[in-house]
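Shown below: upload.tsv, with TSV, C-alpha atoms and all ligand atoms.
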```tsv
chain	number	residue	atom	x	y	z
A	1	MET	CA	9.85	21.98	-5.34
A	2	ILE	CA	7.06	20.92	-7.68
A	3	VAL	CA	3.67	22.00	-6.35
A	4	ASP	CA	0.28	22.10	-8.09
A	5	ARG	CA	-2.57	24.64	-7.95
A	6	GLN	CA	-4.15	22.81	-5.03
A	7	GLY	CA	-0.88	23.02	-3.06
A	8	ARG	CA	-0.21	19.33	-3.51
A	9	ARG	CA	3.31	17.96	-3.82
A	10	PHE	CA	4.91	14.53	-3.70
A	11	ARG	CA	6.14	13.62	-0.22
A	12	ASN	CA	5.46	9.90	-0.04
A	13	LEU	CA	6.98	7.44	-2.46
A	14	ARG	CA	5.77	3.87	-2.84
A	15	ILE	CA	8.07	1.50	-4.65
A	16	SER	CA	6.86	-1.78	-6.04
A	17	LEU	CA	9.99	-3.87	-5.57
A	18	THR	CA	8.60	-6.62	-7.80
A	19	ALA	CA	5.30	-7.43	-9.47
A	20	ALA	CA	5.70	-11.05	-8.36
A	21	CYS	CA	3.54	-12.20	-5.48
A	22	ASN	CA	3.08	-15.47	-3.62
A	23	TYR	CA	-0.67	-14.77	-3.41
A	24	ALA	CA	-3.24	-14.18	-6.13
A	25	CYS	CA	-5.96	-12.32	-4.19
A	26	THR	CA	-9.28	-12.43	-6.00
A	27	TYR	CA	-9.70	-8.63	-6.06
A	28	CYS	CA	-6.14	-8.03	-7.33
A	29	VAL	CA	-5.27	-10.87	-9.72
A	30	PRO	CA	-8.28	-12.14	-11.69
A	31	ASP	CA	-6.49	-14.97	-13.48
A	32	GLY	CA	-5.07	-16.45	-10.26
A	33	LYS	CA	-1.48	-16.38	-11.61
A	34	ARG	CA	1.14	-15.98	-8.90
A	35	LEU	CA	4.88	-15.30	-8.82
A	36	VAL	CA	5.04	-13.61	-12.19
A	37	ALA	CA	7.69	-10.92	-12.06
A	38	ALA	CA	7.44	-8.20	-14.68
A	39	GLN	CA	10.05	-8.37	-17.42
A	40	ASP	CA	12.88	-5.87	-17.15
A	41	GLU	CA	12.52	-5.12	-13.46
A	42	LEU	CA	15.06	-2.55	-12.28
A	43	SER	CA	18.10	-3.69	-10.30
A	44	ALA	CA	18.30	-2.83	-6.60
A	45	GLU	CA	21.02	-0.29	-7.39
A	46	ALA	CA	18.92	1.40	-10.09
A	47	MET	CA	15.93	1.56	-7.72
A	48	GLY	CA	18.17	3.06	-5.06
A	49	ARG	CA	19.35	5.72	-7.53
A	50	ALA	CA	15.72	6.41	-8.45
A	51	VAL	CA	14.92	7.05	-4.79
A	52	ALA	CA	17.95	9.32	-4.40
A	53	TYR	CA	16.99	11.35	-7.49
A	54	LEU	CA	13.34	11.54	-6.43
A	55	ILE	CA	14.32	12.80	-2.98
A	56	GLU	CA	16.21	15.60	-4.68
A	57	ALA	CA	13.83	16.31	-7.55
A	58	ALA	CA	10.48	15.96	-5.76
A	59	GLY	CA	11.26	16.37	-2.07
A	60	ILE	CA	10.31	12.81	-1.14
A	61	GLU	CA	10.43	12.34	2.64
A	62	ARG	CA	8.94	8.93	3.28
A	63	LEU	CA	9.28	5.64	1.47
A	64	ARG	CA	7.05	2.58	1.55
A	65	ILE	CA	8.31	-0.61	-0.03
A	66	THR	CA	5.53	-2.67	-1.53
A	67	GLY	CA	4.78	-4.89	-4.50
A	68	GLY	CA	3.71	-7.52	-5.67
A	69	GLU	CA	5.13	-9.04	-2.54
A	70	PRO	CA	8.37	-7.32	-1.50
A	71	LEU	CA	9.50	-10.19	0.73
A	72	VAL	CA	9.73	-12.63	-2.23
A	73	SER	CA	12.16	-10.37	-4.07
A	74	PRO	CA	15.90	-11.15	-4.03
A	75	ARG	CA	16.35	-7.37	-4.41
A	76	LEU	CA	14.99	-6.65	-0.93
A	77	GLU	CA	18.28	-6.86	0.99
A	78	PRO	CA	20.48	-5.01	-1.54
A	79	PHE	CA	17.79	-2.35	-1.95
A	80	LEU	CA	17.57	-1.81	1.81
A	81	ARG	CA	21.36	-1.44	1.90
A	82	VAL	CA	21.35	1.12	-0.96
A	83	ILE	CA	18.68	3.34	0.60
A	84	ALA	CA	20.12	3.18	4.13
A	85	GLY	CA	22.22	6.31	3.65
A	86	LEU	CA	19.67	8.48	1.83
A	87	GLY	CA	18.37	10.33	4.90
A	88	LEU	CA	14.69	9.44	4.49
A	89	GLN	CA	12.50	10.38	7.46
A	90	ASP	CA	10.70	7.07	7.36
A	91	VAL	CA	10.99	3.73	5.58
A	92	SER	CA	8.21	1.19	5.96
A	93	LEU	CA	6.94	-1.90	4.22
A	94	THR	CA	3.64	-3.38	3.07
A	95	SER	CA	3.60	-7.16	2.91
A	96	ASN	CA	1.20	-10.06	3.00
A	97	GLY	CA	3.25	-11.40	5.92
A	98	GLN	CA	3.67	-14.91	4.49
A	99	LEU	CA	7.50	-14.70	4.75
A	100	LEU	CA	7.61	-12.22	7.63
A	101	ALA	CA	9.03	-14.60	10.25
A	102	ARG	CA	11.83	-15.61	7.86
A	103	LYS	CA	12.70	-12.08	6.74
A	104	LEU	CA	12.29	-10.34	10.09
A	105	PRO	CA	16.05	-10.25	10.89
A	106	VAL	CA	16.72	-8.56	7.52
A	107	LEU	CA	14.06	-5.92	8.18
A	108	LEU	CA	15.22	-5.26	11.73
A	109	ASP	CA	18.87	-5.01	10.61
A	110	ALA	CA	17.82	-2.39	8.05
A	111	GLY	CA	16.10	-0.34	10.78
A	112	ILE	CA	12.52	-1.00	9.62
A	113	ARG	CA	10.26	-0.56	12.63
A	114	ARG	CA	6.84	-0.20	10.97
A	115	ILE	CA	5.09	-2.71	8.81
A	116	ASN	CA	1.63	-3.01	7.26
A	117	VAL	CA	0.47	-6.56	6.82
A	118	SER	CA	-2.47	-7.37	4.59
A	119	LEU	CA	-4.78	-9.92	6.15
A	120	ASP	CA	-8.38	-10.28	5.05
A	121	THR	CA	-9.58	-13.03	7.36
A	122	LEU	CA	-8.71	-15.17	10.39
A	123	ASP	CA	-10.56	-18.15	8.91
A	124	ALA	CA	-8.09	-20.52	7.23
A	125	ASN	CA	-10.59	-21.71	4.61
A	126	ALA	CA	-11.70	-18.22	3.64
A	127	PHE	CA	-8.02	-17.22	3.59
A	128	GLY	CA	-7.36	-19.90	0.97
A	129	ARG	CA	-10.32	-18.74	-1.12
A	130	ILE	CA	-9.31	-15.05	-1.08
A	131	ALA	CA	-5.48	-15.19	-1.18
A	132	ARG	CA	-5.18	-18.31	-3.36
A	133	GLY	CA	-1.65	-18.84	-2.04
A	134	GLY	CA	0.23	-19.16	1.24
A	135	ASP	CA	-1.31	-20.12	4.55
A	136	LEU	CA	-2.83	-18.28	7.49
A	137	ALA	CA	-0.69	-19.91	10.21
A	138	SER	CA	2.57	-18.54	8.73
A	139	VAL	CA	1.14	-15.00	8.64
A	140	LEU	CA	-0.01	-15.19	12.26
A	141	GLU	CA	3.39	-16.55	13.34
A	142	GLY	CA	5.15	-13.72	11.47
A	143	LEU	CA	2.91	-11.16	13.17
A	144	GLU	CA	3.62	-12.57	16.64
A	145	GLN	CA	7.37	-12.52	16.01
A	146	ALA	CA	7.36	-9.01	14.53
A	147	SER	CA	5.33	-7.75	17.46
A	148	ALA	CA	7.63	-9.43	19.98
A	149	ALA	CA	10.58	-7.74	18.21
A	150	GLY	CA	8.97	-4.33	18.82
A	151	MET	CA	7.65	-3.58	15.31
A	152	ARG	CA	4.67	-1.23	15.03
A	153	ILE	CA	2.07	-3.15	13.10
A	154	LYS	CA	-0.93	-2.15	11.05
A	155	LEU	CA	-3.16	-4.74	9.46
A	156	ASN	CA	-4.87	-4.01	6.15
A	157	MET	CA	-8.19	-5.68	5.42
A	158	VAL	CA	-10.27	-5.28	2.27
A	159	PRO	CA	-13.88	-6.05	3.27
A	160	LEU	CA	-15.72	-8.01	0.59
A	161	ARG	CA	-19.44	-8.65	0.98
A	162	ASP	CA	-19.42	-12.32	-0.03
A	163	ALA	CA	-16.00	-13.31	1.27
A	164	ASN	CA	-15.09	-11.82	4.66
A	165	LEU	CA	-17.70	-9.41	6.02
A	166	ASP	CA	-18.10	-11.77	8.99
A	167	GLN	CA	-14.41	-11.13	9.77
A	168	VAL	CA	-14.65	-7.38	10.43
A	169	LEU	CA	-15.18	-7.78	14.18
A	170	PRO	CA	-12.92	-10.82	14.73
A	171	LEU	CA	-10.04	-9.05	12.94
A	172	LEU	CA	-10.70	-5.83	14.84
A	173	GLU	CA	-10.67	-7.67	18.16
A	174	TYR	CA	-7.54	-9.62	17.20
A	175	CYS	CA	-5.80	-6.27	16.54
A	176	LEU	CA	-7.11	-4.50	19.65
A	177	GLU	CA	-5.86	-7.36	21.85
A	178	ARG	CA	-2.34	-7.05	20.40
A	179	GLY	CA	-1.99	-3.29	20.03
A	180	PHE	CA	-2.08	-3.50	16.21
A	181	GLU	CA	-4.06	-0.91	14.24
A	182	LEU	CA	-6.55	-2.38	11.80
A	183	ARG	CA	-7.20	-0.43	8.62
A	184	PHE	CA	-10.10	-1.29	6.42
A	185	ILE	CA	-9.43	-0.50	2.77
A	186	GLU	CA	-12.56	0.07	0.74
A	187	LEU	CA	-12.46	-2.06	-2.38
A	188	MET	CA	-11.06	0.01	-5.28
A	189	ARG	CA	-12.03	-0.16	-8.95
A	190	MET	CA	-8.55	-1.19	-10.01
A	191	GLY	CA	-7.47	-3.67	-12.68
A	192	HIS	CA	-10.27	-6.06	-13.67
A	193	LEU	CA	-12.66	-4.34	-11.21
A	194	ALA	CA	-12.42	-1.16	-13.30
A	195	ARG	CA	-14.09	-3.11	-16.11
A	196	ASP	CA	-16.46	-5.19	-13.99
A	197	GLY	CA	-18.80	-2.61	-12.47
A	198	ALA	CA	-21.37	-5.18	-11.36
A	199	GLY	CA	-18.75	-7.41	-9.72
A	200	PHE	CA	-17.33	-4.37	-7.93
A	201	GLN	CA	-20.74	-3.21	-6.67
A	202	ARG	CA	-21.62	-6.70	-5.45
A	203	GLN	CA	-18.51	-6.94	-3.24
A	204	PHE	CA	-18.07	-3.30	-2.19
A	205	VAL	CA	-18.60	-2.47	1.49
A	206	GLY	CA	-18.45	1.24	2.30
A	207	LEU	CA	-17.41	3.37	5.25
A	208	ALA	CA	-20.94	3.96	6.64
A	209	GLU	CA	-21.79	0.27	6.74
A	210	LEU	CA	-18.46	-0.62	8.34
A	211	LEU	CA	-18.83	2.02	11.04
A	212	GLU	CA	-22.35	0.82	11.84
A	213	LEU	CA	-21.17	-2.77	12.13
A	214	ILE	CA	-18.29	-1.82	14.43
A	215	GLY	CA	-20.28	0.72	16.48
A	216	GLU	CA	-22.85	-1.90	17.51
A	217	ARG	CA	-20.13	-3.77	19.42
A	218	HIS	CA	-17.45	-1.12	20.09
A	219	PRO	CA	-18.49	2.52	20.56
A	220	PHE	CA	-15.82	4.77	19.01
A	221	ILE	CA	-14.96	8.43	18.52
A	222	GLN	CA	-13.22	10.12	15.58
A	223	ALA	CA	-9.48	10.59	16.13
A	224	GLU	CA	-6.92	13.02	14.70
A	225	SER	CA	-4.97	12.09	11.59
A	226	ALA	CA	-2.27	13.85	9.57
A	227	LEU	CA	-3.47	16.29	6.88
A	228	ASP	CA	-2.20	14.12	4.02
A	229	ALA	CA	-3.22	10.85	5.70
A	230	THR	CA	-5.28	8.51	3.59
A	231	ALA	CA	-7.09	6.84	6.50
A	232	MET	CA	-9.89	8.25	8.64
A	233	ARG	CA	-8.93	7.21	12.19
A	234	TYR	CA	-11.21	6.22	15.05
A	235	GLU	CA	-10.54	5.49	18.71
A	236	ILE	CA	-12.29	2.84	20.74
A	237	PRO	CA	-11.63	4.42	24.14
A	238	GLY	CA	-9.47	2.29	26.38
A	239	GLN	CA	-8.93	-0.32	23.67
A	240	GLY	CA	-7.15	1.19	20.69
A	241	PHE	CA	-7.53	2.64	17.22
A	242	PHE	CA	-8.71	1.57	13.80
A	243	GLY	CA	-8.82	3.32	10.44
A	244	VAL	CA	-10.73	3.27	7.19
A	245	ILE	CA	-9.18	4.13	3.84
A	246	ALA	CA	-12.39	5.29	2.21
A	247	ASN	CA	-11.28	5.86	-1.39
A	248	GLU	CA	-14.84	5.72	-2.64
A	249	SER	CA	-16.88	7.17	0.24
A	250	VAL	CA	-14.55	10.04	1.24
A	251	PRO	CA	-11.90	10.48	-1.47
A	252	PHE	CA	-8.67	12.03	-0.24
A	253	CYS	CA	-7.48	13.26	-3.65
A	254	ARG	CA	-7.36	16.88	-2.48
A	255	THR	CA	-4.50	16.17	-0.06
A	256	CYS	CA	-2.87	13.23	-1.81
A	257	SER	CA	0.94	13.39	-1.63
A	258	ARG	CA	1.71	9.98	-3.09
A	259	LEU	CA	4.00	9.08	-5.93
A	260	ARG	CA	4.40	5.48	-7.09
A	261	LEU	CA	7.30	3.80	-8.88
A	262	SER	CA	6.76	0.43	-10.53
A	263	SER	CA	9.43	-2.27	-10.46
A	264	THR	CA	10.04	-1.61	-14.16
A	265	GLY	CA	10.77	2.11	-13.75
A	266	TRP	CA	7.43	3.84	-14.42
A	267	LEU	CA	6.24	6.73	-12.28
A	268	HIS	CA	2.52	6.92	-11.49
A	269	GLY	CA	1.21	10.17	-10.04
A	270	CYS	CA	-2.35	8.97	-9.49
A	271	LEU	CA	-4.13	5.61	-9.22
A	272	SER	CA	-7.07	7.01	-11.16
A	273	SER	CA	-4.97	8.09	-14.13
A	274	GLY	CA	-3.87	5.87	-17.00
A	275	SER	CA	-0.74	8.00	-17.51
A	276	ARG	CA	2.67	6.84	-16.44
A	277	HIS	CA	6.16	8.23	-17.01
A	278	TYR	CA	9.31	6.20	-17.66
A	279	ILE	CA	12.42	7.03	-15.63
A	280	GLY	CA	14.31	3.74	-16.12
A	281	ASP	CA	16.46	5.28	-18.87
A	282	LEU	CA	17.46	8.22	-16.67
A	283	LEU	CA	19.00	6.12	-13.94
A	284	ASP	CA	22.30	5.49	-15.75
A	285	LYS	CA	22.71	9.14	-16.61
A	286	PRO	CA	24.82	11.53	-14.55
A	287	ARG	CA	22.95	13.58	-11.99
A	288	HIS	CA	23.12	16.88	-13.92
A	289	LEU	CA	21.31	15.27	-16.88
A	290	ALA	CA	18.97	12.97	-14.97
A	291	LEU	CA	17.57	15.50	-12.51
A	292	PRO	CA	16.14	18.10	-14.95
A	293	ALA	CA	14.61	15.33	-17.08
A	294	MET	CA	13.09	13.75	-14.00
A	295	GLN	CA	11.68	17.08	-12.87
A	296	ARG	CA	9.90	17.49	-16.20
A	297	LEU	CA	8.32	14.05	-15.76
A	298	LEU	CA	7.35	14.85	-12.17
A	299	VAL	CA	5.45	17.94	-13.33
A	300	LYS	CA	3.44	15.68	-15.64
A	301	ALA	CA	2.92	13.04	-12.95
A	302	LEU	CA	1.62	15.68	-10.53
A	303	ALA	CA	-0.76	16.98	-13.21
A	304	ASP	CA	-2.17	13.43	-13.46
A	305	LYS	CA	-3.65	13.73	-9.96
A	306	GLN	CA	-7.44	13.95	-9.87
A	307	GLU	CA	-9.05	17.08	-8.48
A	308	LEU	CA	-11.61	15.40	-6.28
A	309	ILE	CA	-12.92	12.00	-7.12
A	310	PHE	CA	-11.20	8.65	-6.97
A	311	SER	CA	-12.38	6.83	-10.07
A	312	GLY	CA	-10.07	3.82	-10.16
A	313	GLY	CA	-8.16	2.63	-13.21
A	314	ALA	CA	-7.08	-0.30	-15.34
A	315	THR	CA	-3.68	-0.59	-13.65
A	316	VAL	CA	-3.32	-3.73	-11.60
A	317	MET	CA	-2.40	-3.01	-7.98
A	318	LYS	CA	0.37	-5.59	-7.84
A	319	ILE	CA	2.18	-3.73	-10.62
A	320	ILE	CA	2.34	-0.42	-8.76
A	321	GLY	CA	1.82	-1.45	-5.14
A	322	GLY	CA	-1.25	-0.71	-3.06
A	401	LIG	N1	1.79	-8.00	-1.27
A	401	LIG	C1	1.68	-6.88	-0.39
A	401	LIG	C2	0.42	-6.98	0.44
A	401	LIG	O1	-0.31	-7.96	0.31
A	401	LIG	O2	0.20	-6.08	1.24
A	401	LIG	C3	1.77	-5.52	-1.05
A	401	LIG	C4	1.04	-5.29	-2.34
A	401	LIG	S1	-0.72	-5.31	-2.24
A	401	LIG	C5	-1.12	-4.88	-3.90
A	401	LIG	C6	-1.04	-3.85	-1.30
A	401	LIG	C7	-2.44	-3.67	-0.80
A	401	LIG	O3	-3.30	-3.42	-1.89
A	401	LIG	C8	-3.01	-4.85	-0.05
A	401	LIG	O4	-3.41	-4.43	1.23
A	401	LIG	C9	-4.20	-5.25	-0.89
A	401	LIG	O5	-5.21	-5.75	-0.08
A	401	LIG	C10	-4.56	-3.95	-1.56
A	401	LIG	N2	-5.35	-4.09	-2.77
A	401	LIG	C11	-5.07	-4.74	-3.92
A	401	LIG	N3	-6.06	-4.61	-4.83
A	401	LIG	C12	-7.02	-3.85	-4.23
A	401	LIG	C13	-8.29	-3.34	-4.64
A	401	LIG	N4	-8.80	-3.59	-5.84
A	401	LIG	N5	-8.98	-2.59	-3.76
A	401	LIG	C14	-8.49	-2.32	-2.54
A	401	LIG	N6	-7.30	-2.76	-2.10
A	401	LIG	C15	-6.57	-3.51	-2.93
```

Can you present the structure in this file as structure tokens?
Ligand code: SAM
Amino acid sequence: MIVDRQGRRFRNLRISLTAACNYACTYCVPDGKRLVAAQDELSAEAMGRAVAYLIEAAGIERLRITGGEPLVSPRLEPFLRVIAGLGLQDVSLTSNGQLLARKLPVLLDAGIRRINVSLDTLDANAFGRIARGGDLASVLEGLEQASAAGMRIKLNMVPLRDANLDQVLPLLEYCLERGFELRFIELMRMGHLARDGAGFQRQFVGLAELLELIGERHPFIQAESALDATAMRYEIPGQGFFGVIANESVPFCRTCSRLRLSSTGWLHGCLSSGSRHYIGDLLDKPRHLALPAMQRLLVKALADKQELIFSGGATVMKIIGG
């Protein structure tokens, strides 16, 4: 097992199935271009082999499929079939929910019972301005159907001062009524926001402000969360839970156990590091050659992790998944 001086190791793998997305969210894609897959994306079989090797080489236990938008990828079904027999403790998905109703049978057939859906507003006009693709009604329909089918649902919202701060309470109440858990993700200095400090500061809404806003309407208490969890969790007694992923306010680098694989075969050990490590060329090699080479790259990827502070980076989130 590869462990660093802080006792950190990779347990959770996030795979970006494709860089293509049917949205172009303002904080993720500055040029508004949608549906652009990266060139040379790995096949479903190669991605499946990557997962198998990473389970063995790094001790990966849990997998989250993300993107881009995983539900637009033709590789989704074959990939789910390939990983079905790998013995992972948990497989989940992060999606914008636009195609959720249509793809629900595929997800249920593959045994996926947990999904995170990114939704920044319940206002159809604001939705159009932020997502710049898709429509709100389809997302809400997908959520209702997934919930009725017994899926455990978390909603991800990125609060932005000028775009959706008025939606913090409506989205929270929407989730509490349905038994979904809302997670606020503090805006991260990724991609163009790493270069646009003023733009970032203008839109950033931090943990303290969010908690004050929520506490005025819904008194809450702090709740337990797993040691390597990224979200601080809170309970509104008798109503439900919400969380905040406070990358900026309370960085969780010290306990981070995440490893990311891009759709083109690059490993990323840390969002705040510009380093990445190519494993695409190892996936056709026999196990006895691929595994030692992969382990050497994993040592480097683990060394990329920051000690304490999340500082963001030039990498665009849709390339490596959120
Ligand atoms: N398309 C899927 C979705 O919408 O959930 C998966 C990919 S998306 C990149 C994953 C998550 O990253 C979303 O919840 C999105 O809001 C978040 N995200 C993207 N850029 C971000 C940024 N600069 N700061 C914070 N969250 C960001």

Wanna dump the chain A-ligand LIG 401 (chain A) contacts at 6 Å for me, each residue with its shortest atom pair and the distance in Å to one decimal, counting all atoms listed in the file, ordered by chain and number, as a tab-separated table?
```
residue	atom	partner	partner_atom	distance
A:Tyr27	CA	A:LIG401	N4	5.1
A:Cys28	CA	A:LIG401	N3	4.2
A:Thr66	CA	A:LIG401	C3	4.7
A:Gly67	CA	A:LIG401	C4	4.3
A:Gly68	CA	A:LIG401	C4	4.8
A:Glu69	CA	A:LIG401	N1	3.7
A:Thr94	CA	A:LIG401	O2	4.7
A:Ser95	CA	A:LIG401	C1	3.8
A:Asn96	CA	A:LIG401	O1	3.7
A:Val117	CA	A:LIG401	O2	5.6
A:Ser118	CA	A:LIG401	O2	4.5
A:Asn156	CA	A:LIG401	O4	5.1
A:Val158	CA	A:LIG401	O5	5.6
A:Ile185	CA	A:LIG401	C14	5.7
A:Glu186	CA	A:LIG401	C14	5.7
A:Leu187	CA	A:LIG401	N5	3.8
A:Met188	CA	A:LIG401	N5	3.7
A:Arg189	CA	A:LIG401	N4	5.6
A:Met190	CA	A:LIG401	N4	4.8
A:Met317	CA	A:LIG401	C5	4.7
A:Lys318	CA	A:LIG401	C5	4.3
A:Gly321	CA	A:LIG401	C5	4.7
A:Gly322	CA	A:LIG401	O3	3.6
```

Using only C-alpha atoms, what table do you get, as a Markdown table, when you list each residue of stretch 119-163 of chain A with an atom no more than 7 Å from stretch 98-109 of chain A, its nearest pair of atoms, and their distance in Å rounded to one decimal, rows by chain then rising number?
```
| residue | atom | partner | partner_atom | distance |
| --- | --- | --- | --- | --- |
| A:Gly134 | CA | A:Gln98 | CA | 6.4 |
| A:Ser138 | CA | A:Gln98 | CA | 5.7 |
| A:Val139 | CA | A:Gln98 | CA | 4.9 |
| A:Glu141 | CA | A:Ala101 | CA | 6.7 |
| A:Gly142 | CA | A:Ala101 | CA | 4.2 |
| A:Gln145 | CA | A:Ala101 | CA | 6.3 |
| A:Ala146 | CA | A:Leu104 | CA | 6.8 |
```

Q) What is the distance between atom CA of A:Gln6 and atom CA of A:Ser92, in Å to one decimal? A) 27.2 Å

**Q.** Ref. answer, residues at most 12 Å from (-5.0, 16.4, -8.2) with all atoms listed in the file, as a count of residues only
**A.** 34

(Q) Which residues are close to A:Leu169, i.e. within 12 Å by all atoms listed in the file, leaving aside same-chain residues fewer than 4 positions away? Reply as a PyMOL selection string. (A) chain A and resi 120-122+157+159+164-165+173-176+182+184+210-218+242

**Q.** Pairwise distance for atom CA of A:Leu71 and atom CA of A:His192, rounded to one decimal in Å
**A.** 24.8 Å

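Checking A:Ile153, A:Leu143, A:Ile2, A:Leu171 one by one against A:Ile112, counting all atoms listed in the file, you find the shortest gap at A:Ile153.
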
Q: Quick one: everything within 8 Å of stretch 278-281 of chain A, counting all atoms listed in the file, minus sequence neighbours fewer than 6 positions away in the same chain. Send it as a ChimeraX atom specification.
A: /A:42,46,50,264-267,294

Any chance you can output those residues with C-alpha atoms as a compact mmCIF listing (two decimals), in the coordinates of the input?
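selection.txt was written with the following content:
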```txt
# COMPACT_ATOMS: atom_id res chain seq x y z
CA LEU A 42 15.06 -2.55 -12.28
CA ALA A 46 18.92 1.40 -10.09
CA ALA A 50 15.72 6.41 -8.45
CA THR A 264 10.04 -1.61 -14.16
CA GLY A 265 10.77 2.11 -13.75
CA TRP A 266 7.43 3.84 -14.42
CA LEU A 267 6.24 6.73 -12.28
CA MET A 294 13.09 13.75 -14.00
```

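Closest approach to A:Asp90 among A:Asn12, A:Gln203, A:Asn116, A:Thr18 is made by A:Asn12 (distances from only C-alpha atoms).
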
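Proximity to A:Val91 was assessed for A:Arg129, A:Arg14, A:Lys33, A:Arg183 counting only C-alpha atoms; the smallest distance is recorded for A:Arg14.
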
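In this model, the gap between atom CA of A:Phe200 and atom CA of A:Gly97 comes to 25.8 Å.
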
Q. Quick one: of A:Asp40, A:Gly199, A:His277, A:Ile130, who's nearest to A:Ala293, counting all atoms listed in the file?
A. A:His277

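Nearest residue to A:His268, choosing from A:Cys25, A:Leu63, A:Ala246, A:Leu298 and counting all atoms listed in the file: A:Leu298.
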
Excluding A:Pro292 and its own-chain neighbours fewer than 3 positions away, which residues fall within 12 Å of it when counting all atoms listed in the file? Please give them as a short mmCIF file (atom, residue, chain, number, x, y, z; two decimals) with C-alpha atoms, keeping the file's coordinate frame.
```
data_model
loop_
_atom_site.label_atom_id
_atom_site.label_comp_id
_atom_site.auth_asym_id
_atom_site.auth_seq_id
_atom_site.Cartn_x
_atom_site.Cartn_y
_atom_site.Cartn_z
CA ILE A 2 7.06 20.92 -7.68
CA TYR A 53 16.99 11.35 -7.49
CA LEU A 54 13.34 11.54 -6.43
CA GLU A 56 16.21 15.60 -4.68
CA ALA A 57 13.83 16.31 -7.55
CA ALA A 58 10.48 15.96 -5.76
CA ILE A 279 12.42 7.03 -15.63
CA LEU A 282 17.46 8.22 -16.67
CA LYS A 285 22.71 9.14 -16.61
CA PRO A 286 24.82 11.53 -14.55
CA ARG A 287 22.95 13.58 -11.99
CA HIS A 288 23.12 16.88 -13.92
CA LEU A 289 21.31 15.27 -16.88
CA GLN A 295 11.68 17.08 -12.87
CA ARG A 296 9.90 17.49 -16.20
CA LEU A 297 8.32 14.05 -15.76
CA LEU A 298 7.35 14.85 -12.17
CA VAL A 299 5.45 17.94 -13.33
#
```

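Restricting the calculation to only C-alpha atoms, the smallest distance between A:Phe204 and any of A:Glu248, A:Asp135, A:Glu61, A:Glu77 is found for A:Glu248.
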